[in-house]
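Heads up, my_file37.txt below (compact mmCIF, C-alpha atoms):
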# COMPACT_ATOMS: atom_id res chain seq x y z
CA GLU A 1 12.79 -5.88 -16.84
CA ALA A 2 9.66 -4.18 -15.49
CA VAL A 3 7.57 -7.30 -16.14
CA LYS A 4 10.16 -9.52 -14.48
CA ALA A 5 10.03 -7.21 -11.46
CA GLY A 6 6.26 -7.69 -11.21
CA ALA A 7 4.87 -4.67 -13.07
CA ASP A 8 1.18 -4.97 -13.95
CA GLY A 9 1.66 -2.78 -17.01
CA VAL A 10 4.16 -0.65 -18.89
CA MET A 11 3.78 3.00 -19.84
CA VAL A 12 5.85 4.19 -22.77
CA SER A 13 6.58 7.90 -22.38
CA ASN A 14 9.41 10.35 -22.69
CA HIS A 15 7.71 12.89 -20.38
CA GLY A 16 8.67 15.95 -22.36
CA GLY A 17 11.95 14.55 -23.59
CA ARG A 18 11.23 15.77 -27.11
CA GLY A 19 12.51 19.15 -25.95
CA LEU A 20 15.96 17.76 -26.70
CA ASP A 21 16.93 17.58 -30.35
CA GLY A 22 17.05 14.00 -31.50
CA ALA A 23 15.23 12.53 -28.51
CA LEU A 24 13.12 9.55 -29.42
CA ALA A 25 9.35 10.04 -29.55
CA ALA A 26 7.40 7.61 -27.38
CA ILE A 27 5.63 6.13 -30.41
CA ASP A 28 9.02 5.38 -32.00
CA ALA A 29 10.04 3.36 -28.93
CA LEU A 30 6.68 1.55 -28.77
CA PRO A 31 7.35 -1.35 -31.20
CA GLU A 32 10.49 -2.43 -29.34
CA VAL A 33 8.75 -2.24 -25.97
CA VAL A 34 5.83 -4.28 -27.34
CA GLU A 35 8.28 -6.90 -28.57
CA ALA A 36 10.12 -7.01 -25.23
CA VAL A 37 6.91 -7.29 -23.18
CA GLY A 38 5.58 -10.07 -25.38
CA GLY A 39 1.93 -9.60 -24.47
CA LYS A 40 2.47 -10.31 -20.77
CA VAL A 41 1.04 -7.00 -19.52
CA PRO A 42 -0.87 -4.03 -20.97
CA ILE A 43 1.16 -1.29 -22.63
CA LEU A 44 0.03 2.34 -22.49
CA LEU A 45 1.45 4.98 -24.82
CA ASP A 46 1.72 8.43 -23.28
CA GLY A 47 2.47 11.46 -25.39
CA GLY A 48 1.60 12.86 -28.76
CA ILE A 49 -2.02 11.72 -28.86
CA ARG A 50 -4.02 14.62 -30.28
CA ARG A 51 -6.35 13.01 -32.87
CA GLY A 52 -8.13 9.76 -33.52
CA THR A 53 -5.54 8.85 -36.13
CA ASP A 54 -2.90 9.03 -33.38
CA VAL A 55 -4.93 6.53 -31.33
CA LEU A 56 -5.18 4.22 -34.33
CA LYS A 57 -1.42 4.37 -34.94
CA ALA A 58 -0.62 3.61 -31.30
CA LEU A 59 -3.00 0.65 -31.23
CA ALA A 60 -1.63 -0.61 -34.56
CA LEU A 61 1.91 -0.52 -33.14
CA GLY A 62 0.85 -2.58 -30.13
CA ALA A 63 -0.35 -0.21 -27.42
CA THR A 64 -3.23 -1.48 -25.31
CA ALA A 65 -4.38 2.07 -24.54
CA VAL A 66 -3.21 5.68 -24.79
CA GLY A 67 -2.83 8.58 -22.39
CA ILE A 68 -4.43 11.89 -23.35
CA GLY A 69 -3.49 14.12 -20.43
CA LYS A 70 -2.44 17.30 -22.20
CA PRO A 71 -5.54 17.64 -24.43
CA VAL A 72 -7.78 17.01 -21.41
CA PHE A 73 -6.02 19.69 -19.36
CA PHE A 74 -6.20 22.18 -22.24
CA ALA A 75 -9.92 21.50 -22.71
CA LEU A 76 -10.54 21.81 -18.98
CA ALA A 77 -8.67 25.13 -18.85
CA VAL A 78 -10.59 26.73 -21.69
CA GLY A 79 -14.06 25.26 -21.26
CA GLY A 80 -14.39 23.24 -18.11
CA GLU A 81 -16.20 19.93 -17.82
CA ASN A 82 -18.26 20.40 -20.99
CA ALA A 83 -15.13 21.00 -23.06
CA VAL A 84 -13.56 17.81 -21.70
CA ALA A 85 -16.71 15.85 -22.58
CA ASN A 86 -16.64 17.36 -26.09
CA LEU A 87 -12.95 16.51 -26.46
CA LEU A 88 -13.50 12.88 -25.45
CA ASP A 89 -16.46 12.60 -27.82
CA MET A 90 -14.46 14.14 -30.68
CA LEU A 91 -11.53 11.81 -30.04
CA ARG A 92 -13.87 8.80 -29.99
CA ARG A 93 -15.52 9.88 -33.26
CA GLU A 94 -12.17 10.53 -34.94
CA THR A 95 -10.88 7.13 -33.82
CA GLU A 96 -14.01 5.41 -35.10
CA ALA A 97 -13.72 7.26 -38.43
CA ALA A 98 -10.05 6.29 -38.81
CA MET A 99 -10.93 2.68 -38.02
CA ALA A 100 -13.75 2.71 -40.58
CA ILE A 101 -11.44 4.11 -43.27
CA CYS A 102 -9.07 1.23 -42.53
CA GLY A 103 -11.90 -1.31 -42.61
CA CYS A 104 -11.75 -2.05 -38.88
CA GLU A 105 -15.04 -2.80 -37.13
CA THR A 106 -13.47 -3.42 -33.72
CA VAL A 107 -10.23 -2.48 -31.98
CA SER A 108 -9.08 -6.10 -32.32
CA ASP A 109 -9.19 -5.63 -36.13
CA ILE A 110 -6.41 -3.01 -35.92
CA GLY A 111 -3.08 -4.48 -36.92
CA ARG A 112 0.53 -3.53 -37.51
CA SER A 113 -0.06 -3.42 -41.28
CA PHE A 114 -1.99 -0.15 -40.88
CA VAL A 115 1.21 1.76 -40.08
CA THR A 116 4.12 2.24 -42.43
CA ARG A 117 7.29 3.54 -40.85
CA HIS A 118 9.88 5.64 -42.64
CA PRO A 119 12.92 3.45 -43.33
CA ASN A 120 15.21 5.86 -41.46
CA GLY A 121 12.96 6.39 -38.45
CA GLY A 122 11.29 4.34 -35.78
CA GLY A 123 13.88 1.59 -35.91
CA ARG A 124 15.49 -0.26 -33.04
CA VAL A 125 16.07 1.98 -30.08
CA GLY A 126 19.32 0.33 -29.06
CA HIS A 127 20.69 1.00 -25.61
CA TYR A 128 19.82 4.16 -23.76
CA VAL A 129 22.87 5.90 -22.35
CA ARG A 130 22.36 8.48 -19.63
CA SER A 131 24.28 11.72 -20.17
CA LYS A 132 27.05 12.46 -17.73
CA LEU A 133 27.80 16.07 -16.91

Representation of the structure as structure tokens:
Amino acid sequence: EAVKAGADGVMVSNHGGRGLDGALAAIDALPEVVEAVGGKVPILLDGGIRRGTDVLKALALGATAVGIGKPVFFALAVGGENAVANLLDMLRRETEAAMAICGCETVSDIGRSFVTRHPNGGGRVGHYVRSKL
């Protein structure tokens, strides 16, 4: 619906929704969003990105890019600008290492086959129903 309404991109996020037991993680919703968008606009995954392997998984499941807000804010709080630069460098190196282990020379080499989902998790999201109090 967002693409039909003219969105230039889609961000997949639950903005802290994991505080509720059973709430779907953003990465678990990602494959269905990717399918629905059909390559028409970029898709950004927000949430849960802490290591290079997380970046690889998100890209493999169809994200165009990832958000890394929380790690950046933590680094900034404890070490300022230099800590943020170190964090970004570490994340880049970890992503490159994960890609190399998977035999990927470029981001375009990353494919869905690099991620295996548990048969009972990460399935179709179904219809979201807002709680009524």

re atom CA of A:Leu88 and atom CA of A:Leu76: distance 11.4 Å

Point out the residue among A:Leu87, A:Ser108, A:Val78, A:Gly48 with the least atom-to-atom distance to A:Thr64, counting all atoms listed in the file. A:Ser108

List as an NGL selection string the protein and nucleic acid residues near A:Arg93, meaning an atom at most 12 Å away when all atoms listed in the file are counted, but skip any in the same chain fewer than 4 places from it. :A and (51-53 or 55-56 or 86-89 or 97-100)

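Counting only C-alpha atoms and comparing A:Pro42, A:Gly111, A:Gly79, A:Gly103, the residue that lies closest to A:Leu61 is A:Gly111.
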
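Taking atom CA of A:Ala5 as the reference point, atom CA of A:Ala29 is found at 20.4 Å.
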
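Residues with any atom within 10 Å of A:Gly9, counting all atoms listed in the file and excluding same-chain neighbours fewer than 6 positions away, are A:Ala2, A:Val3, A:Val37, A:Lys40, A:Val41, A:Pro42, A:Ile43, A:Leu44, A:Thr64.
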
Residues just named, written with C-alpha atoms as an mmCIF file, in the frame of the given file:
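So the final result, stored in again.cif, reads:
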data_model
loop_
_atom_site.group_PDB
_atom_site.id
_atom_site.type_symbol
_atom_site.label_atom_id
_atom_site.label_comp_id
_atom_site.auth_asym_id
_atom_site.auth_seq_id
_atom_site.Cartn_x
_atom_site.Cartn_y
_atom_site.Cartn_z
ATOM 1 C CA ALA A 2 9.660 -4.180 -15.490
ATOM 2 C CA VAL A 3 7.570 -7.300 -16.140
ATOM 3 C CA VAL A 37 6.910 -7.290 -23.180
ATOM 4 C CA LYS A 40 2.470 -10.310 -20.770
ATOM 5 C CA VAL A 41 1.040 -7.000 -19.520
ATOM 6 C CA PRO A 42 -0.870 -4.030 -20.970
ATOM 7 C CA ILE A 43 1.160 -1.290 -22.630
ATOM 8 C CA LEU A 44 0.030 2.340 -22.490
ATOM 9 C CA THR A 64 -3.230 -1.480 -25.310
#

Which polymer residues, protein or nucleic acid, are no farther than 10 Å from (-0.1, 1.2, -22.3), counting only C-alpha atoms, as a short mmCIF file (atom, residue, chain, number, x, y, z; two decimals) with C-alpha atoms, in the frame of the given file?
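Output file selection-v1.cif follows:
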data_model
loop_
_atom_site.label_atom_id
_atom_site.label_comp_id
_atom_site.auth_asym_id
_atom_site.auth_seq_id
_atom_site.Cartn_x
_atom_site.Cartn_y
_atom_site.Cartn_z
CA GLY A 9 1.66 -2.78 -17.01
CA VAL A 10 4.16 -0.65 -18.89
CA MET A 11 3.78 3.00 -19.84
CA VAL A 12 5.85 4.19 -22.77
CA SER A 13 6.58 7.90 -22.38
CA LEU A 30 6.68 1.55 -28.77
CA VAL A 34 5.83 -4.28 -27.34
CA VAL A 41 1.04 -7.00 -19.52
CA PRO A 42 -0.87 -4.03 -20.97
CA ILE A 43 1.16 -1.29 -22.63
CA LEU A 44 0.03 2.34 -22.49
CA LEU A 45 1.45 4.98 -24.82
CA ASP A 46 1.72 8.43 -23.28
CA ALA A 58 -0.62 3.61 -31.30
CA LEU A 59 -3.00 0.65 -31.23
CA GLY A 62 0.85 -2.58 -30.13
CA ALA A 63 -0.35 -0.21 -27.42
CA THR A 64 -3.23 -1.48 -25.31
CA ALA A 65 -4.38 2.07 -24.54
CA VAL A 66 -3.21 5.68 -24.79
CA GLY A 67 -2.83 8.58 -22.39
#

A:Leu91 proximity check over A:Cys104, A:Val72, A:Val115, A:Ala36, using only C-alpha atoms: winner is A:Val72

In Å, how far is it from atom CA of A:Thr95 to atom CA of A:Ala60? 12.1 Å
